[in-house]
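Data block for start.cif (mmCIF, C-alpha atoms (C1' of nucleotides)):
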```
data_upload
#
loop_
_atom_site.label_atom_id
_atom_site.label_comp_id
_atom_site.auth_asym_id
_atom_site.auth_seq_id
_atom_site.Cartn_x
_atom_site.Cartn_y
_atom_site.Cartn_z
CA MET A 1 0.00 0.00 0.00
CA THR A 2 2.86 2.33 0.52
CA ARG A 3 1.24 4.57 3.00
CA THR A 4 2.31 8.03 2.02
CA PRO A 5 4.59 9.16 4.79
CA LEU A 6 2.98 11.97 6.71
CA THR A 7 5.81 12.52 9.10
CA ASP A 8 7.24 15.43 7.26
CA VAL A 9 3.99 17.25 7.01
CA ALA A 10 3.66 20.44 8.96
CA CYS A 11 0.41 19.62 10.69
CA SER A 12 0.64 17.97 14.10
CA ILE A 13 -2.52 16.06 13.40
CA ALA A 14 -0.69 14.44 10.55
CA ARG A 15 2.21 13.53 12.80
CA ALA A 16 -0.08 12.00 15.35
CA THR A 17 -2.18 10.40 12.67
CA ASP A 18 0.83 8.79 11.13
CA LEU A 19 1.34 6.73 14.24
CA PHE A 20 -2.18 6.38 15.38
CA ALA A 21 -4.32 6.01 12.33
CA ASP A 22 -4.54 2.40 11.53
CA ALA A 23 -7.26 0.02 12.40
CA TRP A 24 -5.52 -1.37 15.45
CA THR A 25 -3.22 1.05 17.17
CA ALA A 26 -5.95 2.86 19.03
CA LEU A 27 -7.43 -0.41 20.22
CA ILE A 28 -4.07 -1.71 21.32
CA MET A 29 -3.40 1.44 23.30
CA ARG A 30 -6.76 1.25 24.96
CA ASP A 31 -6.15 -2.34 25.98
CA VAL A 32 -2.68 -1.64 27.26
CA LEU A 33 -3.79 1.39 29.24
CA VAL A 34 -6.54 -0.66 30.76
CA GLY A 35 -4.28 -3.50 31.74
CA VAL A 36 -4.39 -5.97 28.88
CA ASN A 37 -0.73 -5.97 28.03
CA ARG A 38 0.51 -9.43 27.15
CA PHE A 39 0.92 -10.51 23.56
CA ASP A 40 -1.48 -13.41 23.61
CA ASP A 41 -4.08 -11.56 25.61
CA LEU A 42 -4.02 -8.71 23.12
CA ALA A 43 -4.27 -11.09 20.20
CA ARG A 44 -7.19 -12.87 21.81
CA ASP A 45 -9.01 -9.80 22.97
CA LEU A 46 -8.72 -7.89 19.72
CA GLY A 47 -8.95 -10.75 17.26
CA ILE A 48 -6.04 -9.16 15.46
CA SER A 49 -3.68 -11.10 13.24
CA ARG A 50 -0.62 -12.01 15.30
CA LYS A 51 1.65 -10.77 12.59
CA ILE A 52 0.10 -7.36 12.62
CA LEU A 53 0.05 -7.26 16.37
CA ALA A 54 3.77 -7.95 16.48
CA ALA A 55 4.39 -5.25 13.91
CA ARG A 56 2.26 -2.68 15.73
CA LEU A 57 3.78 -3.41 19.09
CA SER A 58 7.29 -3.07 17.83
CA ARG A 59 6.45 0.17 16.10
CA LEU A 60 4.86 1.51 19.25
CA VAL A 61 7.91 0.49 21.23
CA GLY A 62 10.11 2.11 18.61
CA GLU A 63 8.12 5.31 18.88
CA GLY A 64 8.55 5.37 22.61
CA VAL A 65 4.87 4.95 23.27
CA LEU A 66 5.18 1.53 24.84
CA THR A 67 7.98 -0.34 26.53
CA ARG A 68 8.47 -4.05 26.48
CA GLU A 69 9.41 -5.49 29.83
CA ARG A 70 10.16 -8.94 31.06
CA TYR A 71 8.10 -9.20 34.16
CA GLN A 72 9.23 -12.68 35.08
CA GLU A 73 12.01 -15.08 34.19
CA HIS A 74 11.24 -18.79 34.27
CA PRO A 75 9.32 -18.95 32.13
CA PRO A 76 10.28 -15.71 30.38
CA ARG A 77 7.20 -13.53 30.13
CA GLU A 78 6.98 -10.08 28.63
CA HIS A 79 4.40 -7.40 28.78
CA TYR A 80 3.95 -3.97 27.30
CA LEU A 81 3.55 -0.83 29.33
CA ALA A 82 2.61 2.66 28.26
CA THR A 83 5.28 5.30 28.67
CA GLU A 84 4.43 8.88 29.56
CA LYS A 85 4.11 9.55 25.86
CA GLY A 86 1.79 6.60 25.61
CA LYS A 87 -0.35 7.58 28.56
CA ASP A 88 -0.65 10.98 27.02
CA LEU A 89 -2.64 9.40 24.20
CA TYR A 90 -5.42 8.73 26.65
CA PRO A 91 -7.24 11.99 25.90
CA VAL A 92 -7.38 10.98 22.26
CA LEU A 93 -8.99 7.72 23.23
CA LEU A 94 -11.44 9.52 25.49
CA ALA A 95 -12.37 11.85 22.66
CA LEU A 96 -12.91 8.94 20.28
CA MET A 97 -14.93 7.10 22.87
CA ARG A 98 -17.12 10.05 23.57
CA TRP A 99 -17.82 10.53 19.90
CA GLY A 100 -18.63 6.85 19.46
CA ASP A 101 -20.93 6.90 22.47
CA ARG A 102 -22.71 9.96 21.25
CA TRP A 103 -23.36 8.88 17.72
CA TYR A 104 -23.59 5.13 17.90
CA GLY A 105 -24.50 4.31 21.46
CA GLU A 106 -28.16 3.48 21.08
CA SER A 107 -28.14 1.30 24.12
CA GLY A 108 -25.99 3.54 26.26
CA PRO A 109 -22.24 3.62 26.45
CA PRO A 110 -20.63 0.20 26.73
CA VAL A 111 -18.26 1.42 29.39
CA HIS A 112 -18.27 4.23 31.90
CA ILE A 113 -15.31 6.35 32.79
CA ARG A 114 -15.00 7.08 36.46
CA HIS A 115 -12.89 10.00 37.52
CA LEU A 116 -11.22 8.76 40.68
CA GLU A 117 -10.51 12.18 42.07
CA CYS A 118 -14.07 13.40 42.14
CA GLY A 119 -15.58 9.95 42.29
CA HIS A 120 -18.16 10.44 39.56
CA ASP A 121 -18.85 8.59 36.36
CA THR A 122 -18.13 11.21 33.79
CA GLU A 123 -17.79 12.19 30.19
CA ALA A 124 -14.66 13.66 28.67
CA VAL A 125 -15.03 17.29 27.67
CA THR A 126 -12.44 19.04 25.55
CA THR A 127 -11.94 22.46 27.01
CA CYS A 128 -9.96 25.62 26.58
CA GLY A 129 -6.83 25.45 28.72
CA HIS A 130 -7.31 29.09 29.41
CA CYS A 131 -10.88 29.71 30.37
CA GLY A 132 -12.11 26.14 30.80
CA ASP A 133 -15.04 26.43 28.41
CA GLU A 134 -15.72 23.73 25.87
CA LEU A 135 -13.92 24.00 22.55
CA THR A 136 -15.90 23.37 19.38
CA ALA A 137 -15.28 23.67 15.68
CA ASP A 138 -17.34 26.84 15.71
CA ASN A 139 -15.80 28.75 18.56
CA THR A 140 -12.18 28.41 17.49
CA THR A 141 -9.89 29.50 14.66
CA GLN A 142 -6.52 28.30 13.55
CA LEU A 143 -3.56 30.61 13.22
CA PRO A 144 -0.13 29.72 11.92
CA GLY A 145 2.25 29.22 14.84
CA PRO A 146 6.01 29.35 15.32
CA GLY A 147 6.62 25.90 13.84
CA GLY A 148 4.43 26.66 10.87
CA ARG A 149 5.91 26.01 7.50
CA ILE A 150 4.89 25.25 4.00
CA GLY A 151 4.57 21.73 2.68
CA PRO A 152 2.02 19.13 1.71
CA GLY A 153 -0.78 19.31 4.16
CA THR A 154 -0.51 23.01 4.74
CA GLN A 155 0.47 23.84 1.27
CA VAL A 156 -2.25 26.10 0.16
CA LEU A 157 -4.05 26.28 3.41
CA GLY A 158 -3.40 29.92 4.06
CA PRO A 159 -4.64 31.21 0.74
CA LEU A 160 -7.49 28.75 0.72
CA ILE A 161 -8.76 29.70 4.10
CA ALA A 162 -8.41 33.33 3.23
CA SER A 163 -10.30 32.96 -0.01
CA ARG A 164 -13.01 30.55 1.03
CA ARG A 165 -13.82 31.64 4.49
CA PRO A 166 -15.58 34.92 4.79
CA PRO A 167 -13.71 36.76 7.55
CA ALA A 168 -16.88 37.02 9.56
CA MET B 169 -6.34 -6.13 3.26
CA THR B 170 -9.82 -6.92 4.32
CA ARG B 171 -9.97 -4.65 7.27
CA THR B 172 -11.58 -6.65 10.00
CA PRO B 173 -14.92 -5.00 10.62
CA LEU B 174 -14.89 -3.40 14.04
CA THR B 175 -18.41 -2.12 13.88
CA ASP B 176 -19.89 -4.90 15.90
CA VAL B 177 -17.41 -4.60 18.67
CA ALA B 178 -18.70 -3.42 21.98
CA CYS B 179 -16.16 -0.70 22.56
CA SER B 180 -17.05 2.77 21.34
CA ILE B 181 -13.45 3.44 20.57
CA ALA B 182 -13.64 0.64 18.08
CA ARG B 183 -16.75 2.11 16.52
CA ALA B 184 -15.14 5.49 16.16
CA THR B 185 -11.87 3.95 15.06
CA ASP B 186 -13.59 2.02 12.35
CA LEU B 187 -14.50 5.23 10.61
CA PHE B 188 -11.65 7.38 11.64
CA ALA B 189 -8.57 5.25 11.68
CA ASP B 190 -7.09 5.36 8.29
CA ALA B 191 -4.29 7.47 7.07
CA TRP B 192 -6.49 10.13 5.56
CA THR B 193 -9.84 10.54 7.24
CA ALA B 194 -8.53 12.65 10.09
CA LEU B 195 -6.69 14.92 7.69
CA ILE B 196 -9.71 15.26 5.47
CA MET B 197 -11.88 16.20 8.42
CA ARG B 198 -9.37 18.75 9.60
CA ASP B 199 -9.26 20.33 6.17
CA VAL B 200 -13.00 20.38 5.78
CA LEU B 201 -13.55 21.84 9.23
CA VAL B 202 -11.01 24.50 8.46
CA GLY B 203 -12.59 25.41 5.15
CA VAL B 204 -10.79 23.35 2.54
CA ASN B 205 -13.76 21.53 1.18
CA ARG B 206 -13.59 21.16 -2.56
CA PHE B 207 -12.41 17.94 -4.17
CA ASP B 208 -9.47 19.36 -6.03
CA ASP B 209 -8.34 21.50 -3.14
CA LEU B 210 -8.36 18.52 -0.83
CA ALA B 211 -6.47 16.41 -3.33
CA ARG B 212 -3.89 19.12 -3.78
CA ASP B 213 -3.53 20.03 -0.16
CA LEU B 214 -3.22 16.50 1.12
CA GLY B 215 -1.36 14.94 -1.76
CA ILE B 216 -3.81 12.06 -1.50
CA SER B 217 -4.62 9.79 -4.41
CA ARG B 218 -7.79 11.07 -6.03
CA LYS B 219 -9.23 7.60 -6.04
CA ILE B 220 -8.86 7.28 -2.30
CA LEU B 221 -10.12 10.77 -1.72
CA ALA B 222 -13.28 9.96 -3.65
CA ALA B 223 -13.72 6.77 -1.66
CA ARG B 224 -13.19 8.49 1.69
CA LEU B 225 -15.49 11.36 0.91
CA SER B 226 -18.29 9.10 -0.14
CA ARG B 227 -17.86 7.01 2.96
CA LEU B 228 -17.90 10.09 5.13
CA VAL B 229 -21.03 11.28 3.38
CA GLY B 230 -22.55 7.84 3.82
CA GLU B 231 -21.78 7.95 7.52
CA GLY B 232 -23.46 11.30 7.85
CA VAL B 233 -20.28 13.05 8.82
CA LEU B 234 -20.10 15.18 5.73
CA THR B 235 -22.65 16.39 3.21
CA ARG B 236 -22.02 17.06 -0.42
CA GLU B 237 -23.57 20.24 -1.67
CA ARG B 238 -23.67 21.97 -4.98
CA TYR B 239 -22.83 25.51 -4.09
CA GLN B 240 -23.15 26.88 -7.59
CA GLU B 241 -24.59 25.87 -10.94
CA HIS B 242 -22.83 27.08 -14.05
CA PRO B 243 -20.33 25.64 -13.80
CA PRO B 244 -21.55 22.97 -11.40
CA ARG B 245 -19.36 23.05 -8.31
CA GLU B 246 -19.66 20.89 -5.24
CA HIS B 247 -18.20 21.13 -1.81
CA TYR B 248 -18.29 19.08 1.32
CA LEU B 249 -19.51 20.37 4.64
CA ALA B 250 -19.31 18.85 8.08
CA THR B 251 -22.59 17.88 9.67
CA GLU B 252 -23.13 18.13 13.41
CA LYS B 253 -21.80 14.63 13.70
CA GLY B 254 -18.78 15.71 11.74
CA LYS B 255 -18.16 18.86 13.72
CA ASP B 256 -18.34 16.75 16.81
CA LEU B 257 -15.15 15.04 15.69
CA TYR B 258 -13.31 18.27 16.32
CA PRO B 259 -12.35 17.34 19.89
CA VAL B 260 -10.69 14.22 18.56
CA LEU B 261 -8.66 16.33 16.18
CA LEU B 262 -7.74 18.70 18.98
CA ALA B 263 -6.59 15.81 21.12
CA LEU B 264 -4.48 14.42 18.30
CA MET B 265 -3.04 17.83 17.60
CA ARG B 266 -2.15 18.43 21.19
CA TRP B 267 -0.40 15.10 21.42
CA GLY B 268 1.52 15.74 18.23
CA ASP B 269 2.52 19.20 19.41
CA ARG B 270 3.68 17.89 22.73
CA TRP B 271 5.77 15.03 21.52
CA TYR B 272 6.97 16.10 18.12
CA GLY B 273 6.79 19.86 18.11
CA GLU B 274 10.45 20.73 18.53
CA SER B 275 10.03 24.03 16.85
CA GLY B 276 6.76 24.94 18.46
CA PRO B 277 3.28 24.01 17.27
CA PRO B 278 2.73 24.59 13.57
CA VAL B 279 -0.65 26.12 14.25
CA HIS B 280 -2.30 27.83 17.18
CA ILE B 281 -5.85 27.35 18.26
CA ARG B 282 -7.59 30.51 19.27
CA HIS B 283 -10.67 30.23 21.41
CA LEU B 284 -12.89 32.95 20.07
CA GLU B 285 -14.97 33.27 23.19
CA CYS B 286 -12.15 34.08 25.55
CA GLY B 287 -9.87 35.43 22.88
CA HIS B 288 -6.77 33.51 23.88
CA ASP B 289 -4.52 31.15 22.01
CA THR B 290 -5.05 27.96 23.87
CA GLU B 291 -4.41 24.28 24.21
CA ALA B 292 -7.11 21.66 24.34
CA VAL B 293 -7.46 20.01 27.72
CA THR B 294 -9.55 16.91 28.21
CA THR B 295 -11.46 17.34 31.41
CA CYS B 296 -13.99 15.65 33.63
CA GLY B 297 -17.45 16.81 32.67
CA HIS B 298 -18.33 16.73 36.32
CA CYS B 299 -15.60 18.52 38.24
CA GLY B 300 -13.66 20.06 35.37
CA ASP B 301 -10.29 18.62 36.35
CA GLU B 302 -8.05 17.07 33.75
CA LEU B 303 -8.62 13.40 32.97
CA THR B 304 -5.58 11.15 32.69
CA ALA B 305 -4.95 7.46 32.31
CA ASP B 306 -4.02 7.34 35.96
CA ASN B 307 -6.92 9.13 37.57
CA THR B 308 -9.70 7.18 35.87
CA THR B 309 -11.10 3.66 35.76
CA GLN B 310 -13.38 1.94 33.32
CA LEU B 311 -16.57 0.28 34.43
CA PRO B 312 -18.96 -1.71 32.27
CA GLY B 313 -21.94 0.44 31.36
CA PRO B 314 -25.52 -0.21 30.23
CA GLY B 315 -24.53 -0.95 26.64
CA GLY B 316 -21.78 -3.30 27.73
CA ARG B 317 -21.82 -6.70 26.21
CA ILE B 318 -19.49 -9.52 25.43
CA GLY B 319 -17.73 -9.87 22.11
CA PRO B 320 -14.40 -9.47 20.49
CA GLY B 321 -12.73 -6.43 21.86
CA THR B 322 -14.16 -6.76 25.28
CA GLN B 323 -14.14 -10.46 25.33
CA VAL B 324 -11.94 -11.26 28.25
CA LEU B 325 -11.51 -7.74 29.44
CA GLY B 326 -13.32 -8.18 32.70
CA PRO B 327 -11.46 -11.24 33.88
CA LEU B 328 -8.20 -9.90 32.54
CA ILE B 329 -8.44 -6.61 34.31
CA ALA B 330 -9.49 -8.33 37.45
CA SER B 331 -6.60 -10.73 37.36
CA ARG B 332 -3.84 -8.44 36.18
CA ARG B 333 -4.60 -5.23 37.90
CA PRO B 334 -4.10 -5.19 41.60
CA PRO B 335 -7.26 -3.58 42.97
CA ALA B 336 -5.18 -0.86 44.62
"C1'" DC C 337 11.92 -38.85 29.88
"C1'" DC C 338 7.80 -37.82 27.18
"C1'" DG C 339 4.13 -35.48 25.80
"C1'" DC C 340 1.27 -31.51 26.53
"C1'" DG C 341 0.27 -26.63 27.40
"C1'" DT C 342 1.47 -21.68 27.20
"C1'" DG C 343 3.67 -17.40 25.89
"C1'" DA C 344 5.57 -14.85 22.30
"C1'" DG C 345 6.46 -14.37 18.15
"C1'" DT C 346 7.76 -15.86 12.82
"C1'" DT C 347 6.75 -17.68 8.38
"C1'" DT C 348 3.98 -18.69 4.37
"C1'" DC C 349 0.52 -17.86 1.21
"C1'" DC C 350 -3.36 -15.25 -0.54
"C1'" DT C 351 -6.34 -11.32 -1.05
"C1'" DT C 352 -7.21 -6.59 -1.59
"C1'" DA C 353 -6.77 -1.75 -0.41
"C1'" DG C 354 -3.84 2.05 -1.61
"C1'" DG C 355 -0.70 4.89 -4.83
"C1'" DG C 356 0.16 6.88 -9.44
"C1'" DA C 357 -1.10 8.58 -13.37
"C1'" DA C 358 -3.84 8.85 -17.19
"C1'" DC C 359 -8.42 9.54 -18.80
"C1'" DC C 360 -13.21 11.66 -19.09
"C1'" DG C 361 -17.35 14.71 -19.39
"C1'" DA C 362 -19.33 19.17 -18.37
"C1'" DC C 363 -18.72 23.62 -18.57
"C1'" DA C 364 -16.27 28.58 -19.16
"C1'" DC C 365 -13.11 31.78 -21.09
"C1'" DT C 366 -10.91 33.90 -25.16
"C1'" DA D 367 -11.07 25.43 -31.67
"C1'" DG D 368 -8.05 25.34 -27.94
"C1'" DT D 369 -7.07 25.60 -23.21
"C1'" DG D 370 -8.39 25.39 -18.30
"C1'" DT D 371 -10.83 23.87 -14.10
"C1'" DC D 372 -13.62 20.82 -11.39
"C1'" DG D 373 -14.98 16.43 -9.87
"C1'" DG D 374 -14.38 12.27 -10.50
"C1'" DT D 375 -13.19 7.03 -12.87
"C1'" DT D 376 -10.32 3.60 -14.77
"C1'" DC D 377 -6.09 1.00 -15.15
"C1'" DC D 378 -2.17 -1.43 -13.43
"C1'" DC D 379 1.10 -2.62 -9.75
"C1'" DT D 380 2.80 -3.05 -5.26
"C1'" DA D 381 2.82 -3.94 -0.62
"C1'" DA D 382 0.11 -4.21 3.66
"C1'" DG D 383 -3.40 -6.99 6.11
"C1'" DG D 384 -5.65 -11.67 7.33
"C1'" DA D 385 -5.47 -16.72 8.46
"C1'" DA D 386 -3.31 -20.29 10.00
"C1'" DA D 387 0.55 -23.13 10.61
"C1'" DC D 388 5.16 -23.34 12.56
"C1'" DT D 389 8.92 -22.35 15.92
"C1'" DC D 390 11.35 -22.00 20.22
"C1'" DA D 391 11.74 -21.78 25.22
"C1'" DC D 392 10.15 -23.09 29.00
"C1'" DG D 393 7.27 -25.65 33.04
"C1'" DC D 394 4.52 -29.47 34.60
"C1'" DG D 395 2.39 -33.94 35.48
"C1'" DG D 396 3.05 -38.60 35.36
#
```
Can you dump the structure from the file as C-alpha cells?
Amino acid sequence: MTRTPLTDVACSIARATDLFADAWTALIMRDVLVGVNRFDDLARDLGISRKILAARLSRLVGEGVLTRERYQEHPPREHYLATEKGKDLYPVLLALMRWGDRWYGESGPPVHIRHLECGHDTEAVTTCGHCGDELTADNTTQLPGPGGRIGPGTQVLGPLIASRRPPA
Amino acid sequence: MTRTPLTDVACSIARATDLFADAWTALIMRDVLVGVNRFDDLARDLGISRKILAARLSRLVGEGVLTRERYQEHPPREHYLATEKGKDLYPVLLALMRWGDRWYGESGPPVHIRHLECGHDTEAVTTCGHCGDELTADNTTQLPGPGGRIGPGTQVLGPLIASRRPPA
DNA sequence: CCGCGTGAGTTTCCTTAGGGAACCGACACT
DNA sequence: AGTGTCGGTTCCCTAAGGAAACTCACGCGG
C-alpha cells in the first residue's frame, strides 16, 4: 500500500495520525492502558492477526509509546507498558470514545469512565486550557504558529482559508 | 487487506476507530472543518490519491459526517460540509493535535488554536465533565456500562483486568 | 523422559486496499 | 477550436493486512 509518509507534514494532526491512524493502534493502546498488556491476551481480545500485532507493538515500542518489559524469568514472560508519551494518548482515546458513544450508542455507552478524584462517572469534555469552556469547531480559529511552515498538508491552506472563508 | 470489521465490537473506541482510523480521514476532516472543502483542493492540499479521496469522501457522506452540496450551478461546483456529527469530531482532532505538538513539536506548534470566546490562544485540555479537572490514564477507571456486552474487543476484558490489575 | 500446554512471536501464502497517473465529461473563457 | 478547471473514474502494480501453521523456550504432570 505504501502509505504516504505523513511525518514530514507540517500539521501535528498528521504527525499524530501517522502513528495512530490504523485500524488497530488505538485499540491496542486502549487495551494496554486498561491492563491488557501481554501478547497473547491482546491477540485474543482484539482478534487481530498475530503478525500485525507484532508489527504494531514493535512500532509503538520504537516510537517510545510503549515499553516491552520482562516481568518474570522462568518462564520468560513479557508485557507492554505505556510510557508517559503513551499515557498521554489517553485523551485521544477519550475523545474517540465520547464521539462513538454519542453517535452510535443506542443502548448507552458500553463502558463508563470514572474520575477517581471526584468519584463520579463522567464524560470527557475538551476544554480551553485558558478559560475552561468547551472548545468546538465553531468557537475556534486556527492561526499559523512558530513551527508553521509550507509543505504538503498546509500547502495552500493559508490562501485557501483566506479565499473561502468569509472573515466574519 | 480486508480490514476486520470493528463495527460490531462493543467498545465505542472501536466504533469510532472504524470510521476514523485510516491514514487520511482525520486529515480530510481537519481540512473540511477549516474550510478546505472542494475535491481538487483537498487532493492538492493533502497529496492524496484522487481515487482514495473519492472513496473516503463518499464514505464520510454515507456515515453522515459530511454532506455534499452543490454551491453553484454554471459551472456545477460541489463542496463538502461537516454535519453536526462531523463537527463533533473536532475534539478528537484537537486531542491528536495536542499530542503531536507535545511530543513532536520541537520548533513549536505549527498552528495555534484561538478560542474565540475568551480570545486567547489555547491548548485543548480533556477534562472531567463533572468537576472540570483534567482526565488522565491514571486518575480514571473503566466500568462496564448499560450498553456493555461480550464480544471481540471486550471479550476477556473483565477477567483480565481483574486478574492483572491489583485492585489498589 | 515424554508429551502436553502456554507465551511470544515468525513464516507462508493469498487477497485486496492504496498509490500513481492517465483519462473523461461538463462547462467557461478567449 | 483550444485551453483550463472541477470532480471524478479507470487501469495497473505493489505492498500491507488476514489466516493459519510453525517455531522455540520453557514448566509441569506422570
Take the PyMOL selection byres ((chain D) within 10 of (chain B)), run it mentally on this structure, and tell me the resulting residues as a VMD selection string. chain D and resid 371 to 376 382 to 384
Calculated over only C-alpha atoms, which of the candidates A:Gln72, A:Thr136, A:Asn37, A:Thr25 has the smallest distance to Lys253 of chain B?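 Closest to Lys253 of chain B of all the choices is A:Thr136.
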Counting all atoms listed in the file, a student should be able to say which residues of chain C come within 12 Å of chain B; what is the right answer, written as a list of chain:residue names?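 On the chain C side, the interface is C:DC350, C:DT351, C:DT352, C:DA353, C:DG354, C:DG355, C:DG356, C:DA357, C:DA362, C:DC363, C:DA364, C:DC365.
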Given the file shown, enumerate the residues that the PyMOL selection byres ((chain B) within 6 of (chain A)) captures and present them as a PyMOL selection string. chain B and resi 180-181+183-184+189-191+203+213-214+255+258-260+263-265+268-269+275-284+290-297+305+307-316+320-321+323+329
Mind pulling up the distance from atom CA of Val200 of chain B to atom CA of Val229 of chain B?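 One can read the atom CA of Val229 of chain B to atom CA of Val200 of chain B distance as 12.4 Å.
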Evaluating the PyMOL selection byres ((chain D and resi 393) around 10) on the displayed file yields which residues, as number ranges by chain? A: 74-75; C: 341-342; D: 391-392, 394-395
So what do you get for atom CA of Leu60 of chain A versus atom CA of Met29 of chain A, distance-wise?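 Taking atom CA of Leu60 of chain A as the start and atom CA of Met29 of chain A as the end point, the length is 9.2 Å.
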Quote the spacing between atom CA of Gly62 of chain A and atom C1' of DA344 of chain C in Å to one decimal place. 17.9 Å
